[in-house]
Amino acid sequence: MPPPPPPICFPFISSKQKRRLSIGASEASHPQAHLTRQPSYSPTSTLTTEADALTFRTDSERYDEVPPVLSGGEGAMKGSPKLSRGNTMTGTKKSTASSKWGYGWGLGRKEKEIEEIMRERSSSNASAPPLPLYQSQEMAPVPPSRQNSKSSYASRSTARTMQAQESRTLQRGDTMRSQVSRGSKDSKETRHTSSSRSSAPKLRPPLMPSDSTSTLVGSALERKLQGDLESIPDKSVNTSDRLGDLRTEMEKANLDFYIVPSEDAHGSEYVAGSDKRREFITGFTGSVGVAIITNEHAYLVTDARYFFQAETQTDRNWQIIRAGEMVDRKGFKDWVEFFLSLLGRSQRIGIDARMISHEKASLINSKLTALDCKFVFPSQNLVDLVWKDKPQKPKGVVYVQSIEYTGKDATYKIYKLREWIKSQPPAIPSYSKATEPTPQQIHVGLLVTSLSCIAWTLNLRGVDIPFNPLFHAYLYIGLDKTVLFLDASKVDESVTRYLERMDVERRNYTDLWPFLRKREWGEGKLLLPPSTSYAISLMLTHFRYTLAPNRVEYMMAIKNEVEIEGMRQAYIRDGAAFVQFLAWLENKLNSGYDITEWEAAWRIKEVRMKQKKFMGLAYETISASGPNAAIPHYTPRKHSARMIDRETPYLNDSGGQYRDGTCDTTRTVHFGRPSPDMSEAYTRVLQGHIAIDSAVFPEGTSGIQLDVLARKALWKDGLNYMHGTGHGFGSFLTVHEGEHGFNSNVPLMPGHVTTNEPGFYIKDKWGMRIESALVVKRIKTKHEFNGDIWLGFERLTCVPIQTRMVKESMLTKEEKSWLKEHNQRCWDVLSPLLREDKVALKWLRREADRGIGIATGPGGMVVDWD
């Protein structure tokens, strides 16, 4: 499935331990100005009679000072900050460890080694600074054969106490990371404060050379020594007080319903901390879901990706509604359908008009009239009124994405959009008898509200949203003027000059509302995409706008040659990092170490950080073993992560943000002997993956028409998966982009990029998915029927597909050839990048040469290709 949502905790409970609840860190508290409520409005007035009162006070909230983000590294542009990431994998921590010690966090050495280290520690000076617990693999004694992940460790109380103290010293929470340079005794401590945001970006602290034999040290060892007591789910948030306060505000506004969507004012899928209102009121952290609150009930509507997560993270105040799930041929397609089923007569429905699109609000509004119900739009978001420690809005600096990555400059893009505006026919009513349009009926401008569309149009990037290089802004493009509504605090001198050269006027973010109210563009209509917030269409009224397809989204979905080449190179570097990670992980497990899902997620990020042009993660890493792999959007947490075992598949869905591309790759591997059921299911998933990758189709074919190819092999055995087969992604933008994909009716066109990710999952047992990125291109066919209209895919992802779980007898000759050619190509392309990492190079060579499956010899003897 598409990339992961915000954090989620799932349990791994030892059968010998009692379940214990772990209380997470408290939310950050920030001072906030007094909030004043304004009168509610009904759509019947269209907000024109009292337009001056339409002020969204959260638009002028105090901004949060964002710490300067890491910059530099090989290939980084000077003055271009790294992405601000909302996960735990940021920051540096001072270390005085000798270079002989391993890098990172670790897991299980053997009992004798632990005792030996404890003796050495006890005889050392007590005031000496703490060191990582274990040497690197090269300097360590050769470990015995690997034990089971539940094997016993040293249990003496003295050793436990010392280990716990050591680990607590090493771990300064999830937000700190020890960085050790192999060539020096001490690493420098890098500290970032809000007061230094405007200073020159600092270089990333050096990382040790790529070394697949280094180990991890930390949390899991402590957990082992303490009896795995930390492997517990986080406690769900008690929302009773929050709901009580919200219902008080609803009563003041005389509301029967209040709706809290997940999106921000720009319709973003992933939002800044200050916009996570639905997460605050429900405790559910997934990226998709809508809260519907009445005076007596509270509902959370989400889709199949988040059913388990929603049930885990919400308390008894909430009833989970499973959208898209049919039970006895009954169910609800989406939250709108469910909400409409709740309505009675003469009821008032409250919602922040900025947080719902014109399209959805109009659909709901059309149903309200028959029931004598109506929308009410309080000028202050009611959740903001009860969110006492609400985070402040981010204030990261915007920076320029140069033409060497974009292929087209912003001036050209604005010119093409103006040409499109001119080409739109005037909005003459069908009943009009006039032959010529009036000035009021001519389209004179386009309002862009999508953050990714604004960033793409102006070749700018920001750090306001975790994992996404975006910034909060609005963009007006008129026939003779362009205005960017972006606060001055986010613009430095270089960006100011850049905008001036393009003749783009900059105004503050909240100045959009007086701009719309005063109709500063003069006569004529604005073009709005249906995804524009309802607040904007209410402000303009239907006399001042026309709905039109999102032209910017259409343009940016078709990548130019520079963008495609950038993606090729980004996927090669990201593929090299993925190979290093898989080689390291297999080597550690085969050497007897135990690795948690959380530590594996850290490790793959660290390897990516060493790649050129790395700017951050594209999304929060999915690192899942056993039953957790059956949850499409599972994200491990340090205190609840499961050990990666050898009995079930391990799934890693992750990707990096690079200056030249956004990456999204999933591989599923097995470190032991897969069962026949696993092998058959994995083979069916692989066959679907190959069928999409090899597809040839004429122009005009949509992704949803090809979707059956990915499912055909699974359907033969009565298997299926309940998520989409693929989605578009950006060029150093968002990991979900565009309307095209394999669940869309939008025709695929040359230049479209999309993922190919069939999977299969058995709840509470295991799951598997194979995901690669594709770009649509023209191809030559044998007969060229109807001319040069035939399309196919070029594969961007360059990571081997493990053959251990594949059942060779189920594959056709063509499928076997595809698999072998893919793995050989990975060797040809990646081996030059891995010459310094002999473990990774050996692993890659083996995967390229390896036969398919596990062979059965005479007398039932099993022969592994290794």
# chains A, B, ... in the order shown; residues from 1 in each chain; ligands from 1
$ residues_around --residues "Gly522 in chain A" --least-positions-apart "3" --cutoff "12 Å" --atoms "only C-alpha atoms" --output "mmCIF file with N, CA, C and O atoms, in the first residue's frame"
data_model
loop_
_atom_site.group_PDB
_atom_site.id
_atom_site.type_symbol
_atom_site.label_atom_id
_atom_site.label_comp_id
_atom_site.auth_asym_id
_atom_site.auth_seq_id
_atom_site.Cartn_x
_atom_site.Cartn_y
_atom_site.Cartn_z
ATOM 1 N N PRO A 439 -17.550 41.425 -19.305
ATOM 2 C CA PRO A 439 -16.267 41.331 -18.591
ATOM 3 C C PRO A 439 -16.352 40.462 -17.340
ATOM 4 O O PRO A 439 -15.374 39.813 -16.967
ATOM 5 N N GLN A 440 -17.520 40.437 -16.697
ATOM 6 C CA GLN A 440 -17.668 39.639 -15.486
ATOM 7 C C GLN A 440 -17.663 38.140 -15.772
ATOM 8 O O GLN A 440 -17.467 37.337 -14.869
ATOM 9 N N GLN A 441 -17.883 37.739 -17.029
ATOM 10 C CA GLN A 441 -17.973 36.328 -17.390
ATOM 11 C C GLN A 441 -16.653 35.764 -17.924
ATOM 12 O O GLN A 441 -16.542 34.559 -18.140
ATOM 13 N N ILE A 442 -15.669 36.603 -18.120
ATOM 14 C CA ILE A 442 -14.380 36.159 -18.662
ATOM 15 C C ILE A 442 -13.477 35.716 -17.522
ATOM 16 O O ILE A 442 -13.416 36.356 -16.468
ATOM 17 N N HIS A 443 -12.753 34.630 -17.732
ATOM 18 C CA HIS A 443 -11.847 34.117 -16.708
ATOM 19 C C HIS A 443 -10.522 34.868 -16.778
ATOM 20 O O HIS A 443 -9.889 34.947 -17.831
ATOM 21 N N VAL A 444 -10.123 35.402 -15.621
ATOM 22 C CA VAL A 444 -8.946 36.264 -15.593
ATOM 23 C C VAL A 444 -7.860 35.753 -14.649
ATOM 24 O O VAL A 444 -6.792 36.361 -14.560
ATOM 25 N N GLY A 445 -8.115 34.657 -13.936
ATOM 26 C CA GLY A 445 -7.098 34.195 -12.997
ATOM 27 C C GLY A 445 -7.364 32.794 -12.487
ATOM 28 O O GLY A 445 -8.443 32.222 -12.673
ATOM 29 N N GLY A 478 -2.786 35.540 -12.184
ATOM 30 C CA GLY A 478 -3.661 36.301 -13.060
ATOM 31 C C GLY A 478 -3.016 36.513 -14.416
ATOM 32 O O GLY A 478 -1.848 36.159 -14.636
ATOM 33 N N LEU A 479 -3.751 37.105 -15.325
ATOM 34 C CA LEU A 479 -3.219 37.338 -16.671
ATOM 35 C C LEU A 479 -2.119 38.386 -16.661
ATOM 36 O O LEU A 479 -1.261 38.392 -17.560
ATOM 37 N N ASP A 480 -2.103 39.268 -15.671
ATOM 38 C CA ASP A 480 -1.082 40.305 -15.628
ATOM 39 C C ASP A 480 -0.391 40.419 -14.267
ATOM 40 O O ASP A 480 0.438 41.305 -14.070
ATOM 41 N N LYS A 481 -0.725 39.538 -13.333
ATOM 42 C CA LYS A 481 -0.133 39.629 -12.005
ATOM 43 C C LYS A 481 -0.134 38.264 -11.342
ATOM 44 O O LYS A 481 -1.064 37.483 -11.503
ATOM 45 N N PHE A 515 -7.846 39.953 0.037
ATOM 46 C CA PHE A 515 -7.647 39.952 -1.418
ATOM 47 C C PHE A 515 -8.904 39.425 -2.111
ATOM 48 O O PHE A 515 -9.364 40.001 -3.115
ATOM 49 N N LEU A 516 -9.453 38.325 -1.586
ATOM 50 C CA LEU A 516 -10.670 37.774 -2.180
ATOM 51 C C LEU A 516 -11.878 38.653 -1.892
ATOM 52 O O LEU A 516 -12.733 38.859 -2.770
ATOM 53 N N ARG A 517 -11.952 39.192 -0.688
ATOM 54 C CA ARG A 517 -13.108 39.993 -0.291
ATOM 55 C C ARG A 517 -13.220 41.256 -1.128
ATOM 56 O O ARG A 517 -14.315 41.667 -1.526
ATOM 57 N N LYS A 518 -12.070 41.881 -1.418
ATOM 58 C CA LYS A 518 -12.065 43.146 -2.155
ATOM 59 C C LYS A 518 -12.038 42.961 -3.665
ATOM 60 O O LYS A 518 -12.056 43.944 -4.402
ATOM 61 N N ARG A 519 -11.946 41.708 -4.127
ATOM 62 C CA ARG A 519 -11.903 41.406 -5.573
ATOM 63 C C ARG A 519 -10.801 42.221 -6.257
ATOM 64 O O ARG A 519 -11.032 42.933 -7.242
ATOM 65 N N LYS A 525 -13.820 36.329 -13.598
ATOM 66 C CA LYS A 525 -13.964 35.189 -12.702
ATOM 67 C C LYS A 525 -12.628 34.481 -12.483
ATOM 68 O O LYS A 525 -11.751 34.497 -13.354
ATOM 69 N N LEU A 526 -12.539 33.831 -11.321
ATOM 70 C CA LEU A 526 -11.389 32.992 -11.017
ATOM 71 C C LEU A 526 -11.720 31.529 -11.310
ATOM 72 O O LEU A 526 -12.871 31.095 -11.141
ATOM 73 N N ARG A 544 -18.352 34.741 -8.848
ATOM 74 C CA ARG A 544 -16.964 35.148 -9.019
ATOM 75 C C ARG A 544 -15.997 33.991 -9.273
ATOM 76 O O ARG A 544 -14.794 34.191 -9.295
#
$ select_by_dssp --residues "range 229-420 of chain A" --states "strand (DSSP E or B)" --output "PyMOL selection string"
chain A and resi 234+257-260+290-294+298-302+319-322+327+330+348-351+357+374-376+393-394+399-400
$ residues_around --residues "range 402-416 of chain A" --least-positions-apart "4" --cutoff "7 Å" --atoms "only C-alpha atoms" --output "VMD selection string"
chain A and resid 420 457 to 459 502 560 562 to 563 566 660
$ residues_around --residues "Trp790 in chain A" --least-positions-apart "2" --cutoff "8 Å" --atoms "only C-alpha atoms" --output "list in words"
Val696, Phe697, Pro698, Glu699, Arg778, Ile779, Lys780, Thr781, Glu784, Asp788 and Gly792 of chain A
$ write_last_selection --atoms "N, CA and C atoms" --output "CSV table (one decimal), in the first residue's frame"
chain,number,residue,atom,x,y,z
A,696,VAL,N,1.6,-4.0,-21.8
A,696,VAL,CA,1.6,-3.1,-23.0
A,696,VAL,C,0.2,-2.7,-23.3
A,697,PHE,N,-0.1,-1.5,-23.5
A,697,PHE,CA,-1.5,-1.0,-23.6
A,697,PHE,C,-1.6,0.2,-24.5
A,698,PRO,N,-2.7,0.5,-25.2
A,698,PRO,CA,-2.8,1.6,-26.1
A,698,PRO,C,-3.1,2.9,-25.3
A,699,GLU,N,-2.9,4.0,-25.9
A,699,GLU,CA,-3.2,5.3,-25.4
A,699,GLU,C,-4.7,5.3,-25.0
A,778,ARG,N,6.5,5.5,-24.3
A,778,ARG,CA,6.1,4.9,-25.5
A,778,ARG,C,7.0,3.7,-25.9
A,779,ILE,N,6.4,2.7,-26.5
A,779,ILE,CA,7.2,1.5,-26.9
A,779,ILE,C,6.8,1.2,-28.3
A,780,LYS,N,7.7,0.4,-29.0
A,780,LYS,CA,7.4,-0.1,-30.3
A,780,LYS,C,6.9,-1.5,-30.2
A,781,THR,N,5.8,-1.8,-31.0
A,781,THR,CA,5.3,-3.1,-31.0
A,781,THR,C,5.5,-3.7,-32.4
A,784,GLU,N,2.2,-2.3,-34.6
A,784,GLU,CA,1.9,-0.9,-34.6
A,784,GLU,C,0.5,-0.7,-35.1
A,788,ASP,N,1.5,4.8,-33.8
A,788,ASP,CA,2.4,4.9,-32.6
A,788,ASP,C,1.6,5.3,-31.4
A,792,GLY,N,4.0,1.4,-22.4
A,792,GLY,CA,4.5,0.4,-21.5
A,792,GLY,C,5.1,1.1,-20.3
$ closest_residue --among "A:Phe581, A:Met810, A:Thr725, A:Leu709" --to "Trp843 in chain A" --atoms "only C-alpha atoms"
A:Phe581
$ select_by_dssp --residues "range 805-864 of chain A" --states "alpha helix (DSSP H)" --output "short mmCIF file (atom, residue, chain, number, x, y, z; two decimals) with all heavy atoms, in the first residue's frame"
data_model
loop_
_atom_site.label_atom_id
_atom_site.label_comp_id
_atom_site.auth_asym_id
_atom_site.auth_seq_id
_atom_site.Cartn_x
_atom_site.Cartn_y
_atom_site.Cartn_z
N LYS A 813 7.80 -19.49 -18.18
CA LYS A 813 9.15 -19.25 -18.69
C LYS A 813 9.45 -17.76 -18.74
O LYS A 813 10.56 -17.32 -18.38
CB LYS A 813 9.28 -19.87 -20.09
CG LYS A 813 10.64 -19.65 -20.73
CD LYS A 813 10.68 -20.26 -22.12
CE LYS A 813 12.02 -20.00 -22.80
NZ LYS A 813 12.05 -20.57 -24.19
N GLU A 814 8.48 -16.97 -19.16
CA GLU A 814 8.67 -15.52 -19.26
C GLU A 814 8.86 -14.90 -17.88
O GLU A 814 9.66 -13.98 -17.70
CB GLU A 814 7.49 -14.88 -19.98
CG GLU A 814 7.38 -15.20 -21.46
CD GLU A 814 6.84 -16.60 -21.70
OE1 GLU A 814 6.29 -17.21 -20.74
OE2 GLU A 814 6.95 -17.09 -22.84
N GLU A 815 8.10 -15.38 -16.90
CA GLU A 815 8.21 -14.83 -15.54
C GLU A 815 9.56 -15.17 -14.91
O GLU A 815 10.17 -14.34 -14.23
CB GLU A 815 7.07 -15.37 -14.68
CG GLU A 815 5.71 -14.78 -15.07
CD GLU A 815 4.54 -15.52 -14.43
OE1 GLU A 815 4.73 -16.68 -14.01
OE2 GLU A 815 3.44 -14.94 -14.38
N LYS A 816 10.06 -16.38 -15.16
CA LYS A 816 11.39 -16.75 -14.65
C LYS A 816 12.45 -15.85 -15.27
O LYS A 816 13.37 -15.37 -14.59
CB LYS A 816 11.69 -18.21 -14.95
CG LYS A 816 10.81 -19.21 -14.24
CD LYS A 816 11.14 -20.63 -14.72
CE LYS A 816 10.15 -21.64 -14.15
NZ LYS A 816 10.40 -23.01 -14.68
N SER A 817 12.31 -15.63 -16.58
CA SER A 817 13.29 -14.79 -17.27
C SER A 817 13.25 -13.37 -16.74
O SER A 817 14.30 -12.74 -16.51
CB SER A 817 12.99 -14.81 -18.77
OG SER A 817 13.86 -13.94 -19.47
N TRP A 818 12.03 -12.84 -16.49
CA TRP A 818 11.90 -11.48 -15.95
C TRP A 818 12.61 -11.37 -14.61
O TRP A 818 13.34 -10.41 -14.35
CB TRP A 818 10.42 -11.14 -15.80
CG TRP A 818 10.15 -9.74 -15.33
CD1 TRP A 818 9.82 -8.67 -16.10
CD2 TRP A 818 10.20 -9.25 -13.97
NE1 TRP A 818 9.66 -7.55 -15.31
CE2 TRP A 818 9.88 -7.87 -14.00
CE3 TRP A 818 10.48 -9.83 -12.75
CZ2 TRP A 818 9.84 -7.08 -12.86
CZ3 TRP A 818 10.44 -9.05 -11.60
CH2 TRP A 818 10.12 -7.70 -11.65
N LEU A 819 12.39 -12.33 -13.72
CA LEU A 819 12.96 -12.29 -12.38
C LEU A 819 14.49 -12.34 -12.43
O LEU A 819 15.18 -11.57 -11.75
CB LEU A 819 12.42 -13.46 -11.55
CG LEU A 819 12.89 -13.57 -10.11
CD1 LEU A 819 12.59 -12.29 -9.33
CD2 LEU A 819 12.25 -14.78 -9.43
N LYS A 820 15.03 -13.23 -13.24
CA LYS A 820 16.48 -13.35 -13.33
C LYS A 820 17.10 -12.10 -13.95
O LYS A 820 18.16 -11.62 -13.51
CB LYS A 820 16.85 -14.59 -14.14
CG LYS A 820 16.49 -15.90 -13.44
CD LYS A 820 16.81 -17.11 -14.31
CE LYS A 820 16.45 -18.42 -13.60
NZ LYS A 820 16.70 -19.61 -14.44
N GLU A 821 16.45 -11.55 -14.98
CA GLU A 821 16.97 -10.35 -15.62
C GLU A 821 16.93 -9.15 -14.67
O GLU A 821 17.85 -8.32 -14.67
CB GLU A 821 16.18 -10.05 -16.90
CG GLU A 821 16.46 -11.03 -18.02
CD GLU A 821 15.59 -10.76 -19.24
OE1 GLU A 821 14.80 -9.78 -19.20
OE2 GLU A 821 15.68 -11.52 -20.23
N HIS A 822 15.87 -9.06 -13.89
CA HIS A 822 15.78 -7.95 -12.93
C HIS A 822 16.91 -8.01 -11.91
O HIS A 822 17.59 -7.01 -11.66
CB HIS A 822 14.44 -7.98 -12.20
CG HIS A 822 14.37 -7.03 -11.05
ND1 HIS A 822 14.25 -5.67 -11.19
CD2 HIS A 822 14.46 -7.25 -9.70
CE1 HIS A 822 14.25 -5.08 -10.01
NE2 HIS A 822 14.37 -6.01 -9.08
N ASN A 823 17.13 -9.16 -11.33
CA ASN A 823 18.18 -9.28 -10.31
C ASN A 823 19.57 -9.11 -10.91
O ASN A 823 20.47 -8.54 -10.27
CB ASN A 823 18.07 -10.64 -9.61
CG ASN A 823 16.90 -10.68 -8.64
OD1 ASN A 823 16.28 -9.66 -8.36
ND2 ASN A 823 16.57 -11.86 -8.14
N GLN A 824 19.77 -9.55 -12.16
CA GLN A 824 21.06 -9.34 -12.81
C GLN A 824 21.28 -7.86 -13.10
O GLN A 824 22.39 -7.34 -12.95
CB GLN A 824 21.13 -10.15 -14.11
CG GLN A 824 22.44 -10.01 -14.87
CD GLN A 824 23.64 -10.48 -14.06
OE1 GLN A 824 23.58 -11.53 -13.42
NE2 GLN A 824 24.73 -9.72 -14.08
N ARG A 825 20.20 -7.16 -13.51
CA ARG A 825 20.33 -5.71 -13.75
C ARG A 825 20.70 -4.98 -12.46
O ARG A 825 21.50 -4.03 -12.49
CB ARG A 825 19.00 -5.16 -14.29
CG ARG A 825 18.99 -3.65 -14.45
CD ARG A 825 17.69 -3.13 -15.01
NE ARG A 825 17.68 -1.67 -15.02
CZ ARG A 825 17.23 -0.90 -14.04
NH1 ARG A 825 16.73 -1.47 -12.94
NH2 ARG A 825 17.25 0.41 -14.14
N CYS A 826 20.14 -5.42 -11.35
CA CYS A 826 20.49 -4.80 -10.07
C CYS A 826 21.99 -4.94 -9.81
O CYS A 826 22.63 -4.00 -9.32
CB CYS A 826 19.69 -5.44 -8.94
SG CYS A 826 17.92 -5.06 -9.00
N TRP A 827 22.55 -6.09 -10.12
CA TRP A 827 24.00 -6.28 -9.95
C TRP A 827 24.77 -5.35 -10.88
O TRP A 827 25.73 -4.68 -10.46
CB TRP A 827 24.39 -7.73 -10.22
CG TRP A 827 25.87 -7.90 -10.44
CD1 TRP A 827 26.54 -8.01 -11.62
CD2 TRP A 827 26.88 -7.92 -9.41
NE1 TRP A 827 27.89 -8.10 -11.42
CE2 TRP A 827 28.13 -8.06 -10.08
CE3 TRP A 827 26.85 -7.84 -8.03
CZ2 TRP A 827 29.33 -8.12 -9.38
CZ3 TRP A 827 28.05 -7.90 -7.33
CH2 TRP A 827 29.27 -8.04 -8.00
N ASP A 828 24.38 -5.29 -12.13
CA ASP A 828 25.10 -4.48 -13.11
C ASP A 828 25.09 -3.00 -12.73
O ASP A 828 26.10 -2.30 -12.89
CB ASP A 828 24.47 -4.65 -14.50
CG ASP A 828 24.61 -6.07 -15.04
OD1 ASP A 828 25.51 -6.80 -14.56
OD2 ASP A 828 23.80 -6.44 -15.91
N VAL A 829 23.96 -2.51 -12.22
CA VAL A 829 23.81 -1.08 -11.93
C VAL A 829 24.38 -0.71 -10.57
O VAL A 829 25.03 0.33 -10.41
CB VAL A 829 22.32 -0.67 -12.02
CG1 VAL A 829 22.13 0.77 -11.56
CG2 VAL A 829 21.80 -0.85 -13.44
N LEU A 830 24.16 -1.54 -9.56
CA LEU A 830 24.50 -1.18 -8.20
C LEU A 830 25.90 -1.58 -7.76
O LEU A 830 26.45 -0.95 -6.84
CB LEU A 830 23.48 -1.80 -7.23
CG LEU A 830 22.03 -1.38 -7.39
CD1 LEU A 830 21.16 -2.08 -6.35
CD2 LEU A 830 21.87 0.13 -7.28
N LYS A 838 31.97 -4.77 1.22
CA LYS A 838 32.14 -6.13 0.71
C LYS A 838 31.00 -7.05 1.09
O LYS A 838 30.66 -7.96 0.34
CB LYS A 838 33.48 -6.68 1.20
CG LYS A 838 34.68 -5.94 0.64
CD LYS A 838 35.99 -6.55 1.10
CE LYS A 838 37.17 -5.79 0.52
NZ LYS A 838 38.48 -6.35 0.97
N VAL A 839 30.42 -6.83 2.26
CA VAL A 839 29.29 -7.66 2.67
C VAL A 839 28.10 -7.43 1.73
O VAL A 839 27.46 -8.37 1.28
CB VAL A 839 28.90 -7.37 4.13
CG1 VAL A 839 27.61 -8.09 4.50
CG2 VAL A 839 30.02 -7.79 5.06
N ALA A 840 27.79 -6.15 1.43
CA ALA A 840 26.69 -5.83 0.53
C ALA A 840 26.97 -6.33 -0.87
O ALA A 840 26.08 -6.84 -1.57
CB ALA A 840 26.44 -4.33 0.52
N LEU A 841 28.22 -6.19 -1.32
CA LEU A 841 28.58 -6.63 -2.66
C LEU A 841 28.43 -8.14 -2.80
O LEU A 841 27.91 -8.65 -3.80
CB LEU A 841 30.02 -6.21 -2.97
CG LEU A 841 30.42 -6.18 -4.44
CD1 LEU A 841 29.61 -5.16 -5.20
CD2 LEU A 841 31.91 -5.88 -4.58
N LYS A 842 28.86 -8.87 -1.78
CA LYS A 842 28.72 -10.32 -1.80
C LYS A 842 27.25 -10.73 -1.79
O LYS A 842 26.83 -11.64 -2.52
CB LYS A 842 29.44 -10.92 -0.59
CG LYS A 842 29.37 -12.44 -0.52
CD LYS A 842 30.11 -12.95 0.70
CE LYS A 842 30.01 -14.48 0.81
NZ LYS A 842 30.71 -14.98 2.02
N TRP A 843 26.45 -10.04 -0.99
CA TRP A 843 25.02 -10.34 -0.92
C TRP A 843 24.36 -10.09 -2.27
O TRP A 843 23.55 -10.89 -2.75
CB TRP A 843 24.38 -9.46 0.15
CG TRP A 843 22.92 -9.70 0.37
CD1 TRP A 843 22.35 -10.55 1.26
CD2 TRP A 843 21.83 -9.06 -0.32
NE1 TRP A 843 20.98 -10.48 1.18
CE2 TRP A 843 20.64 -9.58 0.22
CE3 TRP A 843 21.76 -8.10 -1.33
CZ2 TRP A 843 19.38 -9.18 -0.23
CZ3 TRP A 843 20.51 -7.70 -1.78
CH2 TRP A 843 19.34 -8.23 -1.23
N LEU A 844 24.70 -8.96 -2.92
CA LEU A 844 24.12 -8.61 -4.21
C LEU A 844 24.51 -9.62 -5.28
O LEU A 844 23.68 -10.03 -6.10
CB LEU A 844 24.56 -7.21 -4.61
CG LEU A 844 24.00 -6.64 -5.92
CD1 LEU A 844 22.48 -6.55 -5.85
CD2 LEU A 844 24.61 -5.27 -6.21
N ARG A 845 25.77 -10.04 -5.27
CA ARG A 845 26.22 -11.05 -6.23
C ARG A 845 25.47 -12.36 -6.05
O ARG A 845 25.06 -13.00 -7.02
CB ARG A 845 27.73 -11.28 -6.05
CG ARG A 845 28.36 -12.33 -6.96
CD ARG A 845 28.51 -11.86 -8.39
NE ARG A 845 27.32 -12.09 -9.22
CZ ARG A 845 27.20 -11.68 -10.47
NH1 ARG A 845 28.18 -10.99 -11.04
NH2 ARG A 845 26.11 -11.93 -11.16
N ARG A 846 25.28 -12.75 -4.81
CA ARG A 846 24.56 -13.99 -4.54
C ARG A 846 23.11 -13.90 -5.02
O ARG A 846 22.58 -14.85 -5.61
CB ARG A 846 24.57 -14.28 -3.04
CG ARG A 846 23.98 -15.64 -2.66
CD ARG A 846 23.59 -15.65 -1.20
NE ARG A 846 22.47 -14.75 -0.94
CZ ARG A 846 22.08 -14.39 0.28
NH1 ARG A 846 22.74 -14.81 1.35
NH2 ARG A 846 21.05 -13.59 0.43
N GLU A 847 22.45 -12.75 -4.77
CA GLU A 847 21.06 -12.61 -5.19
C GLU A 847 20.93 -12.63 -6.71
O GLU A 847 19.94 -13.12 -7.25
CB GLU A 847 20.47 -11.31 -4.63
CG GLU A 847 20.29 -11.32 -3.11
CD GLU A 847 19.37 -12.42 -2.65
OE1 GLU A 847 18.23 -12.52 -3.17
OE2 GLU A 847 19.77 -13.21 -1.76
N ALA A 848 21.92 -12.09 -7.40
CA ALA A 848 21.87 -12.08 -8.86
C ALA A 848 22.07 -13.48 -9.43
O ALA A 848 21.50 -13.82 -10.47
CB ALA A 848 22.92 -11.12 -9.41
N ASP A 849 22.90 -14.28 -8.79
CA ASP A 849 23.22 -15.62 -9.30
C ASP A 849 22.30 -16.70 -8.77
O ASP A 849 22.30 -17.82 -9.30
CB ASP A 849 24.66 -15.98 -8.93
CG ASP A 849 25.68 -15.08 -9.61
OD1 ASP A 849 25.30 -14.43 -10.61
OD2 ASP A 849 26.81 -15.00 -9.13
#
$ closest_residue --among "A:Val491, A:Leu748, A:Val775, A:Ala304" --to "Gly730 in chain A" --atoms "only C-alpha atoms"
A:Val775
$ residues_around --residues "Thr662 in chain A" --least-positions-apart "4" --cutoff "6 Å" --atoms "only C-alpha atoms" --output "number ranges by chain"
A: 657, 730-732
$ closest_residue --among "A:Leu589, A:Leu451, A:Ile421, A:Cys663" --to "Arg646 in chain A" --atoms "only C-alpha atoms"
A:Leu589
$ closest_residue --among "A:Ala535, A:Leu617, A:Val753, A:Val386" --to "Ala557 in chain A" --atoms "only C-alpha atoms"
A:Val753
$ closest_residue --among "A:Glu771, A:Glu597, A:Asp503, A:Glu808" --to "Leu585 in chain A" --atoms "only C-alpha atoms"
A:Glu597
$ residues_around --residues "Val708 in chain A" --least-positions-apart "4" --cutoff "12 Å" --atoms "only C-alpha atoms" --output "list in words"
Gln687, Gly688, His689, Ala691, Ile692, Ala695, Ser702, Gly703, Ile704, Lys712, Ala713, Leu714, Trp715, Lys716, Asn720, Tyr721, Gly724, Thr725, Phe742, Asn743 and Pro758 of chain A
